[in-house]
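Dumped my_file-v8.pdb below, it's PDB, C-alpha atoms:
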ATOM      1  CA  MET A1387      34.051 -17.321  12.688  1.00  0.00           C
ATOM      2  CA  ALA A1388      34.258 -18.599   9.148  1.00  0.00           C
ATOM      3  CA  VAL A1389      33.399 -22.236   8.686  1.00  0.00           C
ATOM      4  CA  VAL A1390      35.101 -22.717   5.343  1.00  0.00           C
ATOM      5  CA  ASP A1391      38.803 -22.632   6.070  1.00  0.00           C
ATOM      6  CA  LEU A1392      40.572 -20.746   3.285  1.00  0.00           C
ATOM      7  CA  ASN A1393      44.290 -21.073   2.804  1.00  0.00           C
ATOM      8  CA  PHE A1394      45.727 -17.687   3.746  1.00  0.00           C
ATOM      9  CA  ASP A1395      49.291 -18.995   3.978  1.00  0.00           C
ATOM     10  CA  LYS A1396      50.350 -18.853   0.327  1.00  0.00           C
ATOM     11  CA  LEU A1397      50.268 -15.070   0.163  1.00  0.00           C
ATOM     12  CA  GLY A1398      51.340 -13.999   3.623  1.00  0.00           C
ATOM     13  CA  GLY A1399      47.900 -13.946   5.220  1.00  0.00           C
ATOM     14  CA  LEU A1400      45.923 -12.842   2.172  1.00  0.00           C
ATOM     15  CA  VAL A1401      43.776 -14.432  -0.522  1.00  0.00           C
ATOM     16  CA  PRO A1402      43.048 -12.804  -3.883  1.00  0.00           C
ATOM     17  CA  VAL A1403      39.406 -11.948  -4.506  1.00  0.00           C
ATOM     18  CA  VAL A1404      37.773 -11.586  -7.911  1.00  0.00           C
ATOM     19  CA  VAL A1405      34.644  -9.455  -7.963  1.00  0.00           C
ATOM     20  CA  GLN A1406      32.073 -10.028 -10.645  1.00  0.00           C
ATOM     21  CA  ASP A1407      28.814  -8.217 -11.350  1.00  0.00           C
ATOM     22  CA  PHE A1408      26.030 -10.557 -10.276  1.00  0.00           C
ATOM     23  CA  THR A1409      23.820  -9.747 -13.237  1.00  0.00           C
ATOM     24  CA  SER A1410      26.122  -9.036 -16.183  1.00  0.00           C
ATOM     25  CA  GLY A1411      29.085 -11.222 -15.235  1.00  0.00           C
ATOM     26  CA  GLU A1412      31.473  -8.345 -15.884  1.00  0.00           C
ATOM     27  CA  VAL A1413      34.656  -8.585 -13.805  1.00  0.00           C
ATOM     28  CA  LEU A1414      34.628  -5.368 -11.776  1.00  0.00           C
ATOM     29  CA  MET A1415      37.850  -5.523  -9.775  1.00  0.00           C
ATOM     30  CA  THR A1416      40.190  -7.681  -7.788  1.00  0.00           C
ATOM     31  CA  ALA A1417      41.306  -7.167  -4.223  1.00  0.00           C
ATOM     32  CA  PHE A1418      42.686  -9.094  -1.257  1.00  0.00           C
ATOM     33  CA  MET A1419      41.158 -10.368   1.960  1.00  0.00           C
ATOM     34  CA  ASN A1420      42.810 -11.377   5.180  1.00  0.00           C
ATOM     35  CA  ARG A1421      40.946 -13.649   7.568  1.00  0.00           C
ATOM     36  CA  GLN A1422      39.218 -10.762   9.296  1.00  0.00           C
ATOM     37  CA  ALA A1423      38.007  -9.267   5.993  1.00  0.00           C
ATOM     38  CA  TRP A1424      36.682 -12.699   4.965  1.00  0.00           C
ATOM     39  CA  GLU A1425      34.789 -13.106   8.213  1.00  0.00           C
ATOM     40  CA  GLU A1426      33.406  -9.562   8.063  1.00  0.00           C
ATOM     41  CA  THR A1427      32.214 -10.172   4.494  1.00  0.00           C
ATOM     42  CA  LEU A1428      30.421 -13.356   5.581  1.00  0.00           C
ATOM     43  CA  ARG A1429      28.874 -11.621   8.574  1.00  0.00           C
ATOM     44  CA  THR A1430      27.764  -8.378   6.943  1.00  0.00           C
ATOM     45  CA  ARG A1431      27.295  -9.518   3.309  1.00  0.00           C
ATOM     46  CA  ARG A1432      29.081  -6.308   2.354  1.00  0.00           C
ATOM     47  CA  ALA A1433      32.361  -6.877   0.523  1.00  0.00           C
ATOM     48  CA  THR A1434      35.216  -6.110   2.907  1.00  0.00           C
ATOM     49  CA  TYR A1435      38.858  -6.272   1.877  1.00  0.00           C
ATOM     50  CA  TRP A1436      42.313  -5.757   3.246  1.00  0.00           C
ATOM     51  CA  SER A1437      43.880  -2.586   1.880  1.00  0.00           C
ATOM     52  CA  ARG A1438      47.578  -3.226   1.339  1.00  0.00           C
ATOM     53  CA  SER A1439      48.304   0.455   0.718  1.00  0.00           C
ATOM     54  CA  ARG A1440      46.506   1.663   3.849  1.00  0.00           C
ATOM     55  CA  ASN A1441      47.264  -1.466   5.863  1.00  0.00           C
ATOM     56  CA  ARG A1442      43.783  -1.728   7.304  1.00  0.00           C
ATOM     57  CA  LEU A1443      40.374  -3.296   6.792  1.00  0.00           C
ATOM     58  CA  TRP A1444      38.504  -1.645   3.954  1.00  0.00           C
ATOM     59  CA  VAL A1445      34.743  -1.809   3.501  1.00  0.00           C
ATOM     60  CA  LYS A1446      34.401  -1.196  -0.231  1.00  0.00           C
ATOM     61  CA  GLY A1447      32.308   1.942  -0.695  1.00  0.00           C
ATOM     62  CA  GLU A1448      32.970   3.418   2.746  1.00  0.00           C
ATOM     63  CA  THR A1449      34.157   6.659   1.063  1.00  0.00           C
ATOM     64  CA  SER A1450      32.258   6.693  -2.217  1.00  0.00           C
ATOM     65  CA  GLY A1451      29.043   5.124  -0.959  1.00  0.00           C
ATOM     66  CA  ASN A1452      29.421   2.466  -3.656  1.00  0.00           C
ATOM     67  CA  PHE A1453      29.057  -0.573  -1.421  1.00  0.00           C
ATOM     68  CA  GLN A1454      29.073  -4.101  -2.818  1.00  0.00           C
ATOM     69  CA  GLU A1455      26.164  -6.243  -1.717  1.00  0.00           C
ATOM     70  CA  VAL A1456      27.375  -9.846  -1.812  1.00  0.00           C
ATOM     71  CA  LYS A1457      24.968 -12.136  -3.656  1.00  0.00           C
ATOM     72  CA  GLU A1458      27.133 -15.258  -4.100  1.00  0.00           C
ATOM     73  CA  ILE A1459      30.467 -16.492  -2.800  1.00  0.00           C
ATOM     74  CA  LEU A1460      32.452 -19.076  -4.754  1.00  0.00           C
ATOM     75  CA  VAL A1461      35.725 -20.670  -3.683  1.00  0.00           C
ATOM     76  CA  ASP A1462      38.327 -22.155  -6.014  1.00  0.00           C
ATOM     77  CA  CYS A1463      39.691 -25.694  -6.110  1.00  0.00           C
ATOM     78  CA  ASP A1464      42.709 -24.850  -3.948  1.00  0.00           C
ATOM     79  CA  GLU A1465      40.660 -22.831  -1.459  1.00  0.00           C
ATOM     80  CA  ASP A1466      43.073 -19.947  -1.798  1.00  0.00           C
ATOM     81  CA  THR A1467      41.000 -17.620  -4.014  1.00  0.00           C
ATOM     82  CA  VAL A1468      37.485 -16.206  -3.665  1.00  0.00           C
ATOM     83  CA  LEU A1469      35.007 -15.132  -6.326  1.00  0.00           C
ATOM     84  CA  LEU A1470      32.327 -12.706  -5.164  1.00  0.00           C
ATOM     85  CA  LYS A1471      29.243 -12.010  -7.222  1.00  0.00           C
ATOM     86  CA  VAL A1472      27.946  -8.644  -6.127  1.00  0.00           C
ATOM     87  CA  ASN A1473      25.377  -5.975  -6.656  1.00  0.00           C
ATOM     88  CA  GLN A1474      27.576  -2.906  -7.133  1.00  0.00           C
ATOM     89  CA  LYS A1475      25.818   0.112  -5.629  1.00  0.00           C
ATOM     90  CA  GLY A1476      26.204   3.227  -7.757  1.00  0.00           C
ATOM     91  CA  GLY A1477      27.162   1.123 -10.757  1.00  0.00           C
ATOM     92  CA  ALA A1478      30.896   1.826 -10.562  1.00  0.00           C
ATOM     93  CA  ALA A1479      33.533  -0.262  -8.804  1.00  0.00           C
ATOM     94  CA  CYS A1480      36.633   1.612  -9.906  1.00  0.00           C
ATOM     95  CA  HIS A1481      37.986   4.619  -8.017  1.00  0.00           C
ATOM     96  CA  MET A1482      38.618   6.152 -11.440  1.00  0.00           C
ATOM     97  CA  GLY A1483      34.850   6.321 -11.961  1.00  0.00           C
ATOM     98  CA  TYR A1484      34.502   3.419 -14.355  1.00  0.00           C
ATOM     99  CA  ARG A1485      32.130   0.509 -13.938  1.00  0.00           C
ATOM    100  CA  SER A1486      35.079  -1.895 -13.875  1.00  0.00           C
ATOM    101  CA  CYS A1487      38.730  -1.400 -12.970  1.00  0.00           C
ATOM    102  CA  PHE A1488      39.448  -3.284 -16.201  1.00  0.00           C
ATOM    103  CA  TYR A1489      38.366  -0.391 -18.412  1.00  0.00           C
ATOM    104  CA  ARG A1490      41.339  -0.626 -20.768  1.00  0.00           C
ATOM    105  CA  ARG A1491      42.087  -3.238 -23.403  1.00  0.00           C
ATOM    106  CA  LEU A1492      45.463  -3.930 -24.923  1.00  0.00           C
ATOM    107  CA  GLU A1493      45.260  -3.202 -28.639  1.00  0.00           C
ATOM    108  CA  GLY A1494      48.558  -3.605 -30.403  1.00  0.00           C
ATOM    109  CA  ASP A1495      51.040  -1.839 -28.154  1.00  0.00           C
ATOM    110  CA  GLU A1496      48.567   0.482 -26.470  1.00  0.00           C
ATOM    111  CA  LEU A1497      45.884   0.453 -23.810  1.00  0.00           C
ATOM    112  CA  GLN A1498      42.614   1.708 -25.239  1.00  0.00           C
ATOM    113  CA  ILE A1499      39.790   2.825 -22.961  1.00  0.00           C
ATOM    114  CA  ILE A1500      36.747   0.647 -23.582  1.00  0.00           C
ATOM    115  CA  GLY A1501      34.949   1.162 -20.260  1.00  0.00           C
ATOM    116  CA  GLU A1502      32.103   3.458 -19.432  1.00  0.00           C
ATOM    117  CA  ARG A1503      32.737   6.277 -16.973  1.00  0.00           C
ATOM    118  CA  ILE A1504      29.945   6.463 -14.400  1.00  0.00           C
ATOM    119  CA  PHE A1505      31.209   9.238 -12.149  1.00  0.00           C
ATOM    120  CA  ASP A1506      33.913  11.891 -11.974  1.00  0.00           C
ATOM    121  CA  PRO A1507      36.350  10.863  -9.213  1.00  0.00           C
ATOM    122  CA  ASP A1508      37.136  14.540  -8.476  1.00  0.00           C
ATOM    123  CA  GLU A1509      33.494  14.982  -7.468  1.00  0.00           C
ATOM    124  CA  VAL A1510      33.349  11.888  -5.260  1.00  0.00           C
ATOM    125  CA  TYR A1511      36.696  11.808  -3.440  1.00  0.00           C
ATOM    126  CA  ARG A1512      37.145  15.322  -2.072  1.00  0.00           C
TER     127      ARG A1512
ATOM    128  CA  MET B1109      59.551  -7.099 -24.809  1.00  0.00           C
ATOM    129  CA  ALA B1110      56.232  -5.922 -23.435  1.00  0.00           C
ATOM    130  CA  VAL B1111      55.294  -2.344 -24.222  1.00  0.00           C
ATOM    131  CA  VAL B1112      52.731  -1.914 -21.457  1.00  0.00           C
ATOM    132  CA  ASP B1113      54.725  -1.769 -18.264  1.00  0.00           C
ATOM    133  CA  LEU B1114      52.872  -3.657 -15.570  1.00  0.00           C
ATOM    134  CA  ASN B1115      53.719  -3.155 -11.915  1.00  0.00           C
ATOM    135  CA  PHE B1116      55.299  -6.432 -10.807  1.00  0.00           C
ATOM    136  CA  ASP B1117      56.712  -4.925  -7.614  1.00  0.00           C
ATOM    137  CA  LYS B1118      53.696  -5.148  -5.324  1.00  0.00           C
ATOM    138  CA  LEU B1119      53.705  -8.921  -5.218  1.00  0.00           C
ATOM    139  CA  GLY B1120      57.383  -9.797  -5.420  1.00  0.00           C
ATOM    140  CA  GLY B1121      57.658  -9.991  -9.184  1.00  0.00           C
ATOM    141  CA  LEU B1122      54.162 -11.306  -9.890  1.00  0.00           C
ATOM    142  CA  VAL B1123      50.798  -9.944 -10.978  1.00  0.00           C
ATOM    143  CA  PRO B1124      47.489 -11.734 -10.401  1.00  0.00           C
ATOM    144  CA  VAL B1125      45.652 -12.804 -13.534  1.00  0.00           C
ATOM    145  CA  VAL B1126      41.910 -13.378 -13.816  1.00  0.00           C
ATOM    146  CA  VAL B1127      40.861 -15.674 -16.643  1.00  0.00           C
ATOM    147  CA  GLN B1128      37.413 -15.336 -18.096  1.00  0.00           C
ATOM    148  CA  ASP B1129      35.694 -17.333 -20.830  1.00  0.00           C
ATOM    149  CA  PHE B1130      35.575 -15.105 -23.881  1.00  0.00           C
ATOM    150  CA  THR B1131      32.069 -16.157 -24.848  1.00  0.00           C
ATOM    151  CA  SER B1132      30.173 -16.840 -21.626  1.00  0.00           C
ATOM    152  CA  GLY B1133      32.008 -14.458 -19.287  1.00  0.00           C
ATOM    153  CA  GLU B1134      32.400 -17.234 -16.718  1.00  0.00           C
ATOM    154  CA  VAL B1135      35.458 -16.751 -14.506  1.00  0.00           C
ATOM    155  CA  LEU B1136      37.509 -19.881 -15.150  1.00  0.00           C
ATOM    156  CA  MET B1137      40.516 -19.497 -12.865  1.00  0.00           C
ATOM    157  CA  THR B1138      43.085 -17.137 -11.464  1.00  0.00           C
ATOM    158  CA  ALA B1139      46.853 -17.463 -11.690  1.00  0.00           C
ATOM    159  CA  PHE B1140      50.006 -15.353 -11.539  1.00  0.00           C
ATOM    160  CA  MET B1141      52.388 -14.046 -14.165  1.00  0.00           C
ATOM    161  CA  ASN B1142      55.932 -12.807 -13.818  1.00  0.00           C
ATOM    162  CA  ARG B1143      57.374 -10.540 -16.489  1.00  0.00           C
ATOM    163  CA  GLN B1144      58.518 -13.471 -18.619  1.00  0.00           C
ATOM    164  CA  ALA B1145      55.096 -15.142 -18.512  1.00  0.00           C
ATOM    165  CA  TRP B1146      53.469 -11.835 -19.492  1.00  0.00           C
ATOM    166  CA  GLU B1147      55.811 -11.419 -22.449  1.00  0.00           C
ATOM    167  CA  GLU B1148      55.359 -15.026 -23.545  1.00  0.00           C
ATOM    168  CA  THR B1149      51.585 -14.620 -23.397  1.00  0.00           C
ATOM    169  CA  LEU B1150      51.781 -11.503 -25.578  1.00  0.00           C
ATOM    170  CA  ARG B1151      54.114 -13.196 -28.032  1.00  0.00           C
ATOM    171  CA  THR B1152      52.370 -16.563 -28.361  1.00  0.00           C
ATOM    172  CA  ARG B1153      48.743 -15.576 -27.544  1.00  0.00           C
ATOM    173  CA  ARG B1154      48.657 -18.717 -25.406  1.00  0.00           C
ATOM    174  CA  ALA B1155      48.101 -18.048 -21.723  1.00  0.00           C
ATOM    175  CA  THR B1156      51.385 -18.567 -19.892  1.00  0.00           C
ATOM    176  CA  TYR B1157      51.711 -18.254 -16.132  1.00  0.00           C
ATOM    177  CA  TRP B1158      54.254 -18.537 -13.371  1.00  0.00           C
ATOM    178  CA  SER B1159      53.709 -21.660 -11.317  1.00  0.00           C
ATOM    179  CA  ARG B1160      54.482 -20.847  -7.704  1.00  0.00           C
ATOM    180  CA  SER B1161      54.358 -24.497  -6.675  1.00  0.00           C
ATOM    181  CA  ARG B1162      56.708 -25.686  -9.425  1.00  0.00           C
ATOM    182  CA  ASN B1163      58.699 -22.449  -9.549  1.00  0.00           C
ATOM    183  CA  ARG B1164      58.782 -22.326 -13.322  1.00  0.00           C
ATOM    184  CA  LEU B1165      57.011 -20.957 -16.376  1.00  0.00           C
ATOM    185  CA  TRP B1166      53.767 -22.806 -17.043  1.00  0.00           C
ATOM    186  CA  VAL B1167      52.002 -22.867 -20.379  1.00  0.00           C
ATOM    187  CA  LYS B1168      48.434 -23.632 -19.350  1.00  0.00           C
ATOM    188  CA  GLY B1169      47.425 -26.885 -21.025  1.00  0.00           C
ATOM    189  CA  GLU B1170      50.946 -28.216 -21.582  1.00  0.00           C
ATOM    190  CA  THR B1171      49.990 -31.433 -19.742  1.00  0.00           C
ATOM    191  CA  SER B1172      46.246 -31.686 -20.340  1.00  0.00           C
ATOM    192  CA  GLY B1173      46.199 -30.245 -23.861  1.00  0.00           C
ATOM    193  CA  ASN B1174      43.658 -27.687 -22.622  1.00  0.00           C
ATOM    194  CA  PHE B1175      45.447 -24.584 -23.883  1.00  0.00           C
ATOM    195  CA  GLN B1176      43.957 -21.118 -23.497  1.00  0.00           C
ATOM    196  CA  GLU B1177      43.834 -19.093 -26.675  1.00  0.00           C
ATOM    197  CA  VAL B1178      43.981 -15.444 -25.624  1.00  0.00           C
ATOM    198  CA  LYS B1179      41.286 -13.356 -27.303  1.00  0.00           C
ATOM    199  CA  GLU B1180      41.476 -10.143 -25.253  1.00  0.00           C
ATOM    200  CA  ILE B1181      43.811  -8.680 -22.650  1.00  0.00           C
ATOM    201  CA  LEU B1182      42.560  -6.071 -20.194  1.00  0.00           C
ATOM    202  CA  VAL B1183      44.635  -4.257 -17.596  1.00  0.00           C
ATOM    203  CA  ASP B1184      43.309  -2.722 -14.394  1.00  0.00           C
ATOM    204  CA  CYS B1185      43.516   0.883 -13.212  1.00  0.00           C
ATOM    205  CA  ASP B1186      46.647   0.264 -11.131  1.00  0.00           C
ATOM    206  CA  GLU B1187      48.363  -1.762 -13.863  1.00  0.00           C
ATOM    207  CA  ASP B1188      49.045  -4.529 -11.382  1.00  0.00           C
ATOM    208  CA  THR B1189      46.373  -7.034 -12.441  1.00  0.00           C
ATOM    209  CA  VAL B1190      45.520  -8.628 -15.777  1.00  0.00           C
ATOM    210  CA  LEU B1191      42.216  -9.928 -17.100  1.00  0.00           C
ATOM    211  CA  LEU B1192      42.464 -12.457 -19.929  1.00  0.00           C
ATOM    212  CA  LYS B1193      39.479 -13.385 -22.046  1.00  0.00           C
ATOM    213  CA  VAL B1194      40.221 -16.782 -23.520  1.00  0.00           C
ATOM    214  CA  ASN B1195      38.956 -19.590 -25.631  1.00  0.00           C
ATOM    215  CA  GLN B1196      39.456 -22.547 -23.285  1.00  0.00           C
ATOM    216  CA  LYS B1197      40.403 -25.591 -25.350  1.00  0.00           C
ATOM    217  CA  GLY B1198      38.727 -28.761 -24.118  1.00  0.00           C
ATOM    218  CA  GLY B1199      36.167 -26.721 -22.222  1.00  0.00           C
ATOM    219  CA  ALA B1200      37.712 -27.230 -18.798  1.00  0.00           C
ATOM    220  CA  ALA B1201      40.181 -24.920 -17.047  1.00  0.00           C
ATOM    221  CA  CYS B1202      40.358 -26.677 -13.683  1.00  0.00           C
ATOM    222  CA  HIS B1203      42.761 -29.513 -12.994  1.00  0.00           C
ATOM    223  CA  MET B1204      39.881 -31.155 -11.120  1.00  0.00           C
ATOM    224  CA  GLY B1205      38.057 -31.550 -14.427  1.00  0.00           C
ATOM    225  CA  TYR B1206      35.551 -28.753 -13.999  1.00  0.00           C
ATOM    226  CA  ARG B1207      34.940 -25.971 -16.485  1.00  0.00           C
ATOM    227  CA  SER B1208      35.915 -23.408 -13.838  1.00  0.00           C
ATOM    228  CA  CYS B1209      38.089 -23.662 -10.740  1.00  0.00           C
ATOM    229  CA  PHE B1210      35.221 -21.874  -8.978  1.00  0.00           C
ATOM    230  CA  TYR B1211      32.934 -24.897  -9.081  1.00  0.00           C
ATOM    231  CA  ARG B1212      31.775 -24.595  -5.478  1.00  0.00           C
ATOM    232  CA  ARG B1213      29.455 -22.049  -3.940  1.00  0.00           C
ATOM    233  CA  LEU B1214      29.191 -21.236  -0.273  1.00  0.00           C
ATOM    234  CA  GLU B1215      25.696 -22.109   0.886  1.00  0.00           C
ATOM    235  CA  GLY B1216      25.182 -21.570   4.582  1.00  0.00           C
ATOM    236  CA  ASP B1217      28.262 -23.134   6.153  1.00  0.00           C
ATOM    237  CA  GLU B1218      29.084 -25.523   3.335  1.00  0.00           C
ATOM    238  CA  LEU B1219      30.612 -25.542  -0.108  1.00  0.00           C
ATOM    239  CA  GLN B1220      28.176 -27.008  -2.605  1.00  0.00           C
ATOM    240  CA  ILE B1221      29.354 -28.197  -6.010  1.00  0.00           C
ATOM    241  CA  ILE B1222      27.580 -26.214  -8.706  1.00  0.00           C
ATOM    242  CA  GLY B1223      30.067 -26.701 -11.564  1.00  0.00           C
ATOM    243  CA  GLU B1224      29.954 -29.112 -14.425  1.00  0.00           C
ATOM    244  CA  ARG B1225      32.638 -31.798 -14.621  1.00  0.00           C
ATOM    245  CA  ILE B1226      34.068 -32.035 -18.135  1.00  0.00           C
ATOM    246  CA  PHE B1227      36.766 -34.662 -17.648  1.00  0.00           C
ATOM    247  CA  ASP B1228      38.031 -37.154 -15.091  1.00  0.00           C
ATOM    248  CA  PRO B1229      41.399 -35.899 -13.841  1.00  0.00           C
ATOM    249  CA  ASP B1230      42.563 -39.474 -13.232  1.00  0.00           C
ATOM    250  CA  GLU B1231      42.255 -40.095 -16.960  1.00  0.00           C
ATOM    251  CA  VAL B1232      44.098 -36.936 -18.014  1.00  0.00           C
ATOM    252  CA  TYR B1233      46.986 -36.599 -15.548  1.00  0.00           C
ATOM    253  CA  ARG B1234      48.626 -40.004 -15.474  1.00  0.00           C
TER     254      ARG B1234
END
Could you rewrite the structure in this file as structure tokens?
Amino acid sequence: MAVVDLNFDKLGGLVPVVVQDFTSGEVLMTAFMNRQAWEETLRTRRATYWSRSRNRLWVKGETSGNFQEVKEILVDCDEDTVLLKVNQKGGAACHMGYRSCFYRRLEGDELQIIGERIFDPDEVYR
Amino acid sequence: MAVVDLNFDKLGGLVPVVVQDFTSGEVLMTAFMNRQAWEETLRTRRATYWSRSRNRLWVKGETSGNFQEVKEILVDCDEDTVLLKVNQKGGAACHMGYRSCFYRRLEGDELQIIGERIFDPDEVYR
């Protein structure tokens, strides 16, 4: 039972979550939590989200082994968004094998890859 | 007209936006953009969002003067989330007067203020 009462109403039962590397400050990914995912994250200190595509609770890393150990939890002014500072196991948060899901920067009219690829997704998700 | 075609469909015409200080890497806030806000941001290089509470386009800083000069734009793997790296004019992104909207950290069962207050909101929003 979570003590801090987040506002899950604005987004149909979800809150957006920003995930930042605890050491470098790099933004690794964003995701969503429902109340159950929030409570599981607090209880286990492993980042747990709500997968909108699979419509179920999703412990980040359950397939790849790249769990996120939660080091700090920050809440925004409106209490409708969460910022997790994590230790990203395996060094890569993105299912594409990059450290961060934000591995592309807009330069002119094009997205240029600026991120570092840590693993080959074809080797991990078989 | 934006060249990079973001996926606005997953969230009813909106994409979440994470805003990070260009220099320090601190996460300042999150917001949402619709297609028009995205295109205005690209055109003006001033962060422009969609205000869900006011149901209109919102140039960040239009009331407080604390504009966000966009230095870098990153797009995530699914092309449904944006990361802006900005120069935050006035030094404070939060309407509560703090540098970041994430000025509170969960410690045990309580939210503890860890952020620095830059301005008094009663003085700015009159």
Could you tell me which residues the PyMOL selection byres ((chain A and resi 1471-1484) around 7) returns for this structure, as a compact mmCIF listing (two decimals) with C-alpha atoms, keeping the file's coordinate frame?
# COMPACT_ATOMS: atom_id res chain seq x y z
CA VAL A 1405 34.64 -9.46 -7.96
CA GLN A 1406 32.07 -10.03 -10.64
CA ASP A 1407 28.81 -8.22 -11.35
CA PHE A 1408 26.03 -10.56 -10.28
CA LEU A 1414 34.63 -5.37 -11.78
CA MET A 1415 37.85 -5.52 -9.78
CA ASN A 1452 29.42 2.47 -3.66
CA PHE A 1453 29.06 -0.57 -1.42
CA GLN A 1454 29.07 -4.10 -2.82
CA GLU A 1455 26.16 -6.24 -1.72
CA VAL A 1456 27.38 -9.85 -1.81
CA LYS A 1457 24.97 -12.14 -3.66
CA GLU A 1458 27.13 -15.26 -4.10
CA ILE A 1459 30.47 -16.49 -2.80
CA LEU A 1469 35.01 -15.13 -6.33
CA LEU A 1470 32.33 -12.71 -5.16
CA ARG A 1485 32.13 0.51 -13.94
CA SER A 1486 35.08 -1.90 -13.88
CA CYS A 1487 38.73 -1.40 -12.97
CA TYR A 1489 38.37 -0.39 -18.41
CA GLY A 1501 34.95 1.16 -20.26
CA GLU A 1502 32.10 3.46 -19.43
CA ARG A 1503 32.74 6.28 -16.97
CA ILE A 1504 29.94 6.46 -14.40
CA PHE A 1505 31.21 9.24 -12.15
CA ASP A 1506 33.91 11.89 -11.97
CA PRO A 1507 36.35 10.86 -9.21
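Evaluated against the shown file, the PyMOL selection byres ((chain A and resi 1492) around 8) gives Arg1490, Arg1491, Glu1493, Gly1494, Asp1495, Glu1496, Leu1497 and Gln1498 of chain A; Glu1180, Ile1181, Leu1182 and Val1183 of chain B.
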query = So what does the PyMOL selection byres ((chain A and resi 1421) around 9) actually pick up in this one, as a VMD selection string?
reply = chain A and resid 1388 1392 1394 1399 to 1401 1419 to 1420 1422 to 1426
Give me the box for region 1461-1470 of chain A as AutoDock Vina command-line options, namely the centre and edge lengths in Å to one decimal of a box along x, y and z that holds every listed atom plus 3 Å on each side.
--center_x 37.7 --center_y -19.2 --center_z -3.9 --size_x 16.7 --size_y 19.0 --size_z 10.9
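Distances from A:Thr1427, A:Trp1444, A:Arg1432, A:Val1413 to chain B were compared using all atoms listed in the file, and the smallest one belongs to A:Val1413.
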request  = Would you please work out which residue, of A:Glu1509, A:Thr1430, A:Asp1462, A:Pro1402, is nearest to chain B when using only C-alpha atoms?
outcome  = A:Asp1462
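Computed from the coordinates, the CA of Val1468 (chain A) to CA of Ser1410 (chain A) distance equals 18.4 Å.
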Nearest to chain A by atom-to-atom distance, counting all atoms listed in the file, from B:Cys1185, B:Ala1155, B:Leu1165, B:Leu1150 = B:Cys1185
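The interatomic distance for the pair CA of Glu1134 (chain B) and CA of Gly1411 (chain A) works out to 7.0 Å.
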